[in-house]
Amino acid sequence: MIRLIANTVLVILGNAIGLVAAAAIIQGFSINFIGFVWSLMIFSVAQIILAPFVLKLSVKYLPALRGGIALATVLASLGVASVFTDGLQISSLSAWLLAPFVIWVATVAAGVLLPMVIFKKTLENIRDK
């Protein structure tokens with residue numbers, strides 16, 4: 001149970017970092033402060049729900065897409081979040097094309113680095129044993 005909670009926290013933090021990075025780097029991609037929390041939650045839930053669906057579709061219809069599952073899932077999740085919230089706005093084609101990549105890179109980096117920062121004490125205890 002603790003592992004599930006820790007993993008959920010890391011996913012949400014990674015998505016938050018990814019969305020903020022995209023908003024900072026990409027013109028035409030904006031997040032307002034008030035809608036950020038809703039956008040983050042809808043984006044994260046959509047990503048969790050859509051990932052298995054996109055994987056299943058890609059295996060069945062487009063096996064070559066399997067390597068890009070994360071990017072396709074991020075793109076679909078951005079679509080859901082932008083439709084259902086006012087906190088996330090993507091106003092150009094280039095923003096739609098670049099945002100999934102920027103969010104994916106930031107999320108992967110956060111997924112590698114955040115556990116080292118957040119769970120540093122736990123990792124040190126494991127190393128000491």
# chains A, B, ... in the order shown; residues from 1 in each chain; ligands from 1
call {"tool": "residues_around", "arguments": {"residues": "Phe29 of chain A", "least_positions_apart": "3", "cutoff": "10 Å", "atoms": "only C-alpha atoms", "output": "PyMOL selection string"}}
result
chain A and resi 19-20+22-26+88-92+94-96+98-99
call {"tool": "select_by_dssp", "arguments": {"residues": "chain A", "states": "strand (DSSP E)", "output": "PyMOL selection string"}}
result
chain A and resi 29-31+88-90
call {"tool": "residues_around", "arguments": {"residues": "Ala16 of chain A", "least_positions_apart": "6", "cutoff": "12 Å", "atoms": "only C-alpha atoms", "output": "list in words"}}
result
Val9, Leu10, Ala22, Ala23, Ile31, Phe33, Phe36, Val37, Trp38, Ser39, Leu40, Met41, Ile42, Phe43, Ser44, Ile103, Trp104, Ala106, Thr107, Ala110 and Gly111 of chain A
call {"tool": "atom_distance", "arguments": {"atom1": "atom CA of Ala21 of chain A", "atom2": "atom CA of Pro52 of chain A"}}
result
25.2 Å
call {"tool": "select_by_dssp", "arguments": {"residues": "chain A", "states": "alpha helix (DSSP H)", "output": "NGL selection string"}}
result
:A and (2-25 or 33-61 or 69-84 or 93-118 or 120-128)
call {"tool": "closest_residue", "arguments": {"among": "A:Leu75, A:Ala6, A:Ile34, A:Val11", "to": "Val54 of chain A", "atoms": "only C-alpha atoms"}}
result
A:Leu75
call {"tool": "atom_distance", "arguments": {"atom1": "atom CA of Ser58 of chain A", "atom2": "atom CA of Arg3 of chain A"}}
result
28.7 Å
call {"tool": "atom_distance", "arguments": {"atom1": "atom CA of Gly68 of chain A", "atom2": "atom CA of Asn15 of chain A"}}
result
17.3 Å
call {"tool": "closest_residue", "arguments": {"among": "A:Gly28, A:Asn125, A:Val117, A:Ser77", "to": "Ala51 of chain A", "atoms": "only C-alpha atoms"}}
result
A:Ser77
call {"tool": "closest_residue", "arguments": {"among": "A:Gly35, A:Gly18, A:Thr8, A:Gln27", "to": "Val108 of chain A", "atoms": "only C-alpha atoms"}}
result
A:Gly18
call {"tool": "decode", "arguments": {"residues": "segment 14-30 of chain A", "atoms": "all heavy atoms", "output": "short mmCIF file (atom, residue, chain, number, x, y, z; two decimals), in the first residue's frame"}}
result
data_model
loop_
_atom_site.label_atom_id
_atom_site.label_comp_id
_atom_site.auth_asym_id
_atom_site.auth_seq_id
_atom_site.Cartn_x
_atom_site.Cartn_y
_atom_site.Cartn_z
N GLY A 14 5.80 14.21 -11.01
CA GLY A 14 6.42 14.19 -12.34
C GLY A 14 5.56 14.88 -13.38
O GLY A 14 6.06 15.65 -14.21
N ASN A 15 4.25 14.62 -13.33
CA ASN A 15 3.34 15.30 -14.26
C ASN A 15 3.31 16.80 -14.02
O ASN A 15 3.26 17.58 -14.97
CB ASN A 15 1.94 14.71 -14.16
CG ASN A 15 1.84 13.33 -14.77
OD1 ASN A 15 2.67 12.93 -15.58
ND2 ASN A 15 0.83 12.58 -14.39
N ALA A 16 3.34 17.20 -12.75
CA ALA A 16 3.35 18.64 -12.44
C ALA A 16 4.60 19.29 -13.01
O ALA A 16 4.53 20.36 -13.63
CB ALA A 16 3.29 18.85 -10.92
N ILE A 17 5.74 18.65 -12.82
CA ILE A 17 6.99 19.18 -13.36
C ILE A 17 6.93 19.24 -14.88
O ILE A 17 7.35 20.22 -15.50
CB ILE A 17 8.19 18.34 -12.87
CG1 ILE A 17 8.39 18.57 -11.36
CG2 ILE A 17 9.46 18.68 -13.64
CD1 ILE A 17 9.34 17.59 -10.70
N GLY A 18 6.37 18.20 -15.50
CA GLY A 18 6.25 18.19 -16.95
C GLY A 18 5.36 19.29 -17.49
O GLY A 18 5.69 19.96 -18.47
N LEU A 19 4.22 19.50 -16.85
CA LEU A 19 3.30 20.56 -17.29
C LEU A 19 3.92 21.94 -17.11
O LEU A 19 3.81 22.81 -17.99
CB LEU A 19 1.98 20.47 -16.53
CG LEU A 19 1.08 19.29 -16.91
CD1 LEU A 19 -0.09 19.18 -15.94
CD2 LEU A 19 0.58 19.42 -18.34
N VAL A 20 4.59 22.15 -15.97
CA VAL A 20 5.23 23.45 -15.74
C VAL A 20 6.38 23.67 -16.74
O VAL A 20 6.54 24.77 -17.27
CB VAL A 20 5.73 23.56 -14.28
CG1 VAL A 20 6.62 24.77 -14.08
CG2 VAL A 20 4.54 23.61 -13.33
N ALA A 21 7.14 22.62 -17.02
CA ALA A 21 8.23 22.73 -17.99
C ALA A 21 7.68 23.08 -19.37
O ALA A 21 8.23 23.95 -20.06
CB ALA A 21 9.02 21.42 -18.05
N ALA A 22 6.61 22.42 -19.77
CA ALA A 22 6.01 22.72 -21.08
C ALA A 22 5.51 24.16 -21.13
O ALA A 22 5.70 24.86 -22.14
CB ALA A 22 4.87 21.75 -21.37
N ALA A 23 4.88 24.62 -20.05
CA ALA A 23 4.38 25.99 -20.02
C ALA A 23 5.53 27.00 -20.07
O ALA A 23 5.40 28.08 -20.67
CB ALA A 23 3.54 26.22 -18.76
N ALA A 24 6.67 26.66 -19.48
CA ALA A 24 7.81 27.57 -19.46
C ALA A 24 8.55 27.59 -20.79
O ALA A 24 9.09 28.63 -21.19
CB ALA A 24 8.78 27.17 -18.34
N ILE A 25 8.56 26.48 -21.50
CA ILE A 25 9.39 26.35 -22.70
C ILE A 25 8.62 26.63 -23.99
O ILE A 25 9.17 27.21 -24.93
CB ILE A 25 10.01 24.93 -22.76
CG1 ILE A 25 10.97 24.74 -21.60
CG2 ILE A 25 10.69 24.68 -24.08
CD1 ILE A 25 11.46 23.31 -21.45
N ILE A 26 7.37 26.23 -24.06
CA ILE A 26 6.63 26.22 -25.33
C ILE A 26 5.68 27.41 -25.43
O ILE A 26 4.83 27.62 -24.57
CB ILE A 26 5.82 24.92 -25.46
CG1 ILE A 26 6.76 23.70 -25.41
CG2 ILE A 26 5.01 24.92 -26.74
CD1 ILE A 26 6.04 22.40 -25.31
N GLN A 27 5.84 28.18 -26.50
CA GLN A 27 4.89 29.26 -26.78
C GLN A 27 3.59 28.62 -27.25
O GLN A 27 3.59 27.69 -28.03
CB GLN A 27 5.43 30.19 -27.85
CG GLN A 27 6.55 31.06 -27.39
CD GLN A 27 6.99 32.02 -28.49
OE1 GLN A 27 6.65 31.87 -29.64
NE2 GLN A 27 7.76 33.02 -28.09
N GLY A 28 2.49 29.15 -26.77
CA GLY A 28 1.19 28.60 -27.14
C GLY A 28 0.69 27.55 -26.16
O GLY A 28 -0.39 27.00 -26.33
N PHE A 29 1.48 27.25 -25.13
CA PHE A 29 1.09 26.31 -24.09
C PHE A 29 1.06 27.08 -22.79
O PHE A 29 2.07 27.62 -22.35
CB PHE A 29 2.12 25.17 -23.98
CG PHE A 29 1.71 24.05 -23.06
CD1 PHE A 29 1.22 22.87 -23.58
CD2 PHE A 29 1.84 24.17 -21.69
CE1 PHE A 29 0.84 21.83 -22.74
CE2 PHE A 29 1.47 23.14 -20.85
CZ PHE A 29 0.97 21.97 -21.37
N SER A 30 -0.12 27.19 -22.19
CA SER A 30 -0.21 27.97 -20.96
C SER A 30 -1.07 27.28 -19.92
O SER A 30 -2.00 26.55 -20.25
CB SER A 30 -0.77 29.37 -21.25
OG SER A 30 -2.08 29.28 -21.76
#
